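Q: This is the structure, below, for whatever I ask next.
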Amino acid sequence: LSSHFLGLYKTTITTVGQMIGIVTSILTPVIFSTLSRLQSDDKDFFNMYFKFQKVVATLVLPIGTIVFAEKELITSILLGSQWSETAGFMGLWALMGSISVALSRYCTEMYRAKGHPMLCFLVQFLMFIVLVPGVLYTARIGFKELYIFRSLLELEYIVVNVIICYILFKLSPFQHITNILRPIIASIVVLAFILILKPIYESVLYQIVISALGFLIYCSVIYSSKE
């Protein structure tokens with residue numbers, strides 16, 4: 001990449017990582033230490049994992065959803081209007097990153113807590129063998145193709161972890177999804193709400209208001225559907 005597009009690429013990944021990292025940096029050490037203490041009791045171990053997964057998903061999915069729906073606004077606020085070229089990447093990377101964190105990122109903590117750290121290496125290696133040639137190829141085509149490929153590659157990360165969890169722990173893929181079904185549904189509602197109202201008026205204040213309303217709707221859906 002040229003220095004211009006390299007800057008767009010690195011800055012976007014760093015910015016989104018910092019947003020999602022607000023949640024993950026706090027919970028990751030807690031998840032590992034808690035699961036490690038429960039490694040000999042499978043029932044409590046997996047119950048605790050799914051509790052953590054639900055909390056993480058509830059916190060990160062609205063971040064990814066709102067950033068994706070209001071990518072131009074978020075990019076302008078965080079980076080400035082001169083970074084408008086990276087808005088598409090900002091939105092897609094935030095959405096795919098939040099989904100990846102919610103569905104599979106903490107599977108690696110399970111592997112470590114259960115004494116299988118090499119599985120973390122396996123997951124990264126399987127990503128690496130697709131990532132490197134894919135990035136080299138799409139970077140030659142264009143920046144948009146590059147960031148679309150890199151963002152969608154998070155789906156591989158999810159699939160690999162779900163398969164390993166099924167083989168090693170007999171956890172059905174549906175368990176991962178149904179456990180966080182409420183935040184998924186709430187995120188879809190918020191996404192539809194913002195995308196429908198967003199084109200009505202282009203004012204920055206208006207966009208901020210509908211984003212805030214979207215977040216309130218998310219909280220309302222989560223609260224109203226609590227068991």
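Here, A, B, ... name the chains of the structure tokens in the order displayed, residue numbers run from 1 inside each chain, and ligands are numbered from 1 in the same displayed order.
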Leaving out Leu181 of chain A and any residue of its chain fewer than 3 positions from it, which residues lie within 12 Å of it when counting only C-alpha atoms, given as a ChimeraX atom specification?
A: /A:53-55,57-58,61,102-103,174-178,184-188,221-222,225-226
Q: I need the residues of segment 5-219 of chain A that end up classed as alpha helix (DSSP H) by DSSP on the backbone, written out as an NGL selection string.
A: :A and (5-37 or 42-69 or 71-78 or 87-100 or 107-113 or 118-141 or 143-152 or 154-169 or 173-179 or 181-197 or 204-219)
Q: Interatomic distance between atom CA of Leu1 of chain A and atom CA of Gln18 of chain A?
A: 23.2 Å
Q: Which neighbours of segment 48-51 of chain A fall inside 8 Å, counting only C-alpha atoms, when residues of the same chain fewer than 4 positions from it are skipped, and could you give them as an MDAnalysis selection string?
A: chainID A and resid 31 35 44 55 110 176 179
Q: Could you give me, as a PyMOL selection string, the residues within 12 Å of Phe45 of chain A, counting only C-alpha atoms and dropping anything in the same chain fewer than 6 positions from it?
A: chain A and resi 31-39+51-52+109-111+113-114+169
Q: By how many Å are atom CA of Leu191 of chain A and atom CA of Thr108 of chain A apart?
A: 29.0 Å
Q: Between segment 3-75 of chain A and segment 128-151 of chain A, at 12 Å or less, what are the per-residue closest atom pairs and their distances in Å? Count only C-alpha atoms, order by chain and rising residue number, and return it as CSV.
A:
```
residue,atom,partner,partner_atom,distance
A:His4,CA,A:Phe143,CA,10.5
A:Phe5,CA,A:Phe143,CA,7.0
A:Leu6,CA,A:Phe143,CA,9.2
A:Gly7,CA,A:Phe143,CA,11.4
A:Leu8,CA,A:Phe143,CA,9.3
A:Tyr9,CA,A:Tyr147,CA,7.8
A:Lys10,CA,A:Tyr147,CA,10.9
A:Thr12,CA,A:Tyr147,CA,10.0
A:Ile13,CA,A:Tyr147,CA,10.0
A:Val16,CA,A:Ser151,CA,11.9
```
Q: Those selected residues, please, written with all heavy atoms and delivered as a PDB file, in the first residue's frame.
A:
```
ATOM      1  N   HIS A   4      -0.384   6.639   2.183  1.00  0.00           N
ATOM      2  CA  HIS A   4      -1.719   7.175   2.445  1.00  0.00           C
ATOM      3  C   HIS A   4      -2.676   6.068   2.872  1.00  0.00           C
ATOM      4  O   HIS A   4      -3.311   6.147   3.940  1.00  0.00           O
ATOM      5  CB  HIS A   4      -2.248   7.879   1.196  1.00  0.00           C
ATOM      6  CG  HIS A   4      -3.691   8.280   1.289  1.00  0.00           C
ATOM      7  ND1 HIS A   4      -4.132   9.283   2.131  1.00  0.00           N
ATOM      8  CD2 HIS A   4      -4.798   7.803   0.643  1.00  0.00           C
ATOM      9  CE1 HIS A   4      -5.442   9.422   2.002  1.00  0.00           C
ATOM     10  NE2 HIS A   4      -5.865   8.535   1.115  1.00  0.00           N
ATOM     11  N   PHE A   5      -2.776   5.018   2.063  1.00  0.00           N
ATOM     12  CA  PHE A   5      -3.710   3.941   2.370  1.00  0.00           C
ATOM     13  C   PHE A   5      -3.238   3.088   3.546  1.00  0.00           C
ATOM     14  O   PHE A   5      -4.054   2.532   4.287  1.00  0.00           O
ATOM     15  CB  PHE A   5      -3.950   3.075   1.136  1.00  0.00           C
ATOM     16  CG  PHE A   5      -4.822   3.732   0.107  1.00  0.00           C
ATOM     17  CD1 PHE A   5      -4.300   4.117  -1.122  1.00  0.00           C
ATOM     18  CD2 PHE A   5      -6.147   3.998   0.373  1.00  0.00           C
ATOM     19  CE1 PHE A   5      -5.102   4.739  -2.065  1.00  0.00           C
ATOM     20  CE2 PHE A   5      -6.960   4.620  -0.560  1.00  0.00           C
ATOM     21  CZ  PHE A   5      -6.446   4.991  -1.791  1.00  0.00           C
ATOM     22  N   LEU A   6      -1.934   2.981   3.718  1.00  0.00           N
ATOM     23  CA  LEU A   6      -1.418   2.274   4.888  1.00  0.00           C
ATOM     24  C   LEU A   6      -1.839   3.003   6.167  1.00  0.00           C
ATOM     25  O   LEU A   6      -2.210   2.364   7.165  1.00  0.00           O
ATOM     26  CB  LEU A   6       0.103   2.176   4.826  1.00  0.00           C
ATOM     27  CG  LEU A   6       0.777   1.451   5.999  1.00  0.00           C
ATOM     28  CD1 LEU A   6       0.297   0.012   6.101  1.00  0.00           C
ATOM     29  CD2 LEU A   6       2.303   1.499   5.846  1.00  0.00           C
ATOM     30  N   GLY A   7      -1.793   4.326   6.118  1.00  0.00           N
ATOM     31  CA  GLY A   7      -2.239   5.116   7.268  1.00  0.00           C
ATOM     32  C   GLY A   7      -3.718   4.914   7.550  1.00  0.00           C
ATOM     33  O   GLY A   7      -4.133   4.777   8.711  1.00  0.00           O
ATOM     34  N   LEU A   8      -4.535   4.912   6.479  1.00  0.00           N
ATOM     35  CA  LEU A   8      -5.970   4.670   6.646  1.00  0.00           C
ATOM     36  C   LEU A   8      -6.216   3.303   7.277  1.00  0.00           C
ATOM     37  O   LEU A   8      -7.041   3.151   8.192  1.00  0.00           O
ATOM     38  CB  LEU A   8      -6.687   4.750   5.293  1.00  0.00           C
ATOM     39  CG  LEU A   8      -6.699   6.091   4.564  1.00  0.00           C
ATOM     40  CD1 LEU A   8      -7.461   5.964   3.250  1.00  0.00           C
ATOM     41  CD2 LEU A   8      -7.330   7.173   5.428  1.00  0.00           C
ATOM     42  N   TYR A   9      -5.503   2.303   6.787  1.00  0.00           N
ATOM     43  CA  TYR A   9      -5.692   0.923   7.240  1.00  0.00           C
ATOM     44  C   TYR A   9      -5.322   0.776   8.720  1.00  0.00           C
ATOM     45  O   TYR A   9      -6.110   0.279   9.532  1.00  0.00           O
ATOM     46  CB  TYR A   9      -4.837  -0.009   6.384  1.00  0.00           C
ATOM     47  CG  TYR A   9      -5.014  -1.480   6.682  1.00  0.00           C
ATOM     48  CD1 TYR A   9      -6.024  -2.209   6.068  1.00  0.00           C
ATOM     49  CD2 TYR A   9      -4.156  -2.132   7.567  1.00  0.00           C
ATOM     50  CE1 TYR A   9      -6.181  -3.563   6.339  1.00  0.00           C
ATOM     51  CE2 TYR A   9      -4.306  -3.475   7.842  1.00  0.00           C
ATOM     52  CZ  TYR A   9      -5.321  -4.191   7.220  1.00  0.00           C
ATOM     53  OH  TYR A   9      -5.480  -5.524   7.499  1.00  0.00           O
ATOM     54  N   LYS A  10      -4.133   1.230   9.074  1.00  0.00           N
ATOM     55  CA  LYS A  10      -3.640   1.059  10.449  1.00  0.00           C
ATOM     56  C   LYS A  10      -4.448   1.901  11.441  1.00  0.00           C
ATOM     57  O   LYS A  10      -4.759   1.444  12.547  1.00  0.00           O
ATOM     58  CB  LYS A  10      -2.156   1.429  10.525  1.00  0.00           C
ATOM     59  CG  LYS A  10      -1.242   0.475   9.769  1.00  0.00           C
ATOM     60  CD  LYS A  10       0.207   0.921   9.825  1.00  0.00           C
ATOM     61  CE  LYS A  10       0.751   0.868  11.236  1.00  0.00           C
ATOM     62  NZ  LYS A  10       2.193   1.219  11.278  1.00  0.00           N
ATOM     63  N   THR A  12      -7.562   2.916  11.196  1.00  0.00           N
ATOM     64  CA  THR A  12      -8.905   2.354  11.371  1.00  0.00           C
ATOM     65  C   THR A  12      -8.880   1.163  12.312  1.00  0.00           C
ATOM     66  O   THR A  12      -9.694   1.060  13.239  1.00  0.00           O
ATOM     67  CB  THR A  12      -9.482   1.931  10.013  1.00  0.00           C
ATOM     68  OG1 THR A  12      -9.561   3.070   9.160  1.00  0.00           O
ATOM     69  CG2 THR A  12     -10.879   1.344  10.186  1.00  0.00           C
ATOM     70  N   ILE A  13      -7.966   0.239  12.087  1.00  0.00           N
ATOM     71  CA  ILE A  13      -7.874  -0.946  12.938  1.00  0.00           C
ATOM     72  C   ILE A  13      -7.576  -0.552  14.386  1.00  0.00           C
ATOM     73  O   ILE A  13      -8.155  -1.092  15.328  1.00  0.00           O
ATOM     74  CB  ILE A  13      -6.798  -1.912  12.398  1.00  0.00           C
ATOM     75  CG1 ILE A  13      -7.303  -2.585  11.121  1.00  0.00           C
ATOM     76  CG2 ILE A  13      -6.411  -2.950  13.439  1.00  0.00           C
ATOM     77  CD1 ILE A  13      -6.376  -3.609  10.533  1.00  0.00           C
ATOM     78  N   VAL A  16     -10.837   1.255  15.982  1.00  0.00           N
ATOM     79  CA  VAL A  16     -11.897   0.289  16.312  1.00  0.00           C
ATOM     80  C   VAL A  16     -11.443  -0.625  17.445  1.00  0.00           C
ATOM     81  O   VAL A  16     -12.222  -0.950  18.346  1.00  0.00           O
ATOM     82  CB  VAL A  16     -12.279  -0.542  15.070  1.00  0.00           C
ATOM     83  CG1 VAL A  16     -13.256  -1.655  15.446  1.00  0.00           C
ATOM     84  CG2 VAL A  16     -12.895   0.359  14.003  1.00  0.00           C
TER      85      VAL A  16
END
```
Q: Given the choices A:Leu79, A:Val189, A:Met127, A:Ala94, which gets closest to Met19 of chain A if the distance is worked out from only C-alpha atoms?
A: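 Closest to Met19 of chain A of all the choices is A:Ala94.
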Q: Which is closest to Trp93 of chain A among A:Tyr223, A:Phe193, A:Phe68, A:Phe125, if we use only C-alpha atoms?
A: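 Counting only C-alpha atoms, the residue closest to Trp93 of chain A is A:Phe68.
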Q: Would you mind telling me which residue in A:Ile77, A:Val190, A:Leu168, A:Val160 lies nearest to Leu213 of chain A when using only C-alpha atoms?
A: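 Looking only at the distances to Leu213 of chain A, the closest residue turns out to be A:Val190.
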Q: Leaving out Leu78 of chain A and any residue of its chain fewer than 4 positions from it, which residues lie within 9 Å of it when counting only C-alpha atoms, given as an mmCIF file with C-alpha atoms, in the first residue's frame?
A:
```cif
data_model
loop_
_atom_site.group_PDB
_atom_site.id
_atom_site.type_symbol
_atom_site.label_atom_id
_atom_site.label_comp_id
_atom_site.auth_asym_id
_atom_site.auth_seq_id
_atom_site.Cartn_x
_atom_site.Cartn_y
_atom_site.Cartn_z
ATOM 1 C CA THR A 15 -9.352 3.110 16.454
ATOM 2 C CA LEU A 73 -20.510 10.304 11.587
ATOM 3 C CA ILE A 74 -18.238 8.208 13.843
#
```
Q: May I ask for the distance between atom CA of Gly64 of chain A and atom CA of Gly214 of chain A, given in Å to one decimal place?
A: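 Distance reported for this atom pair: 12.5 Å.
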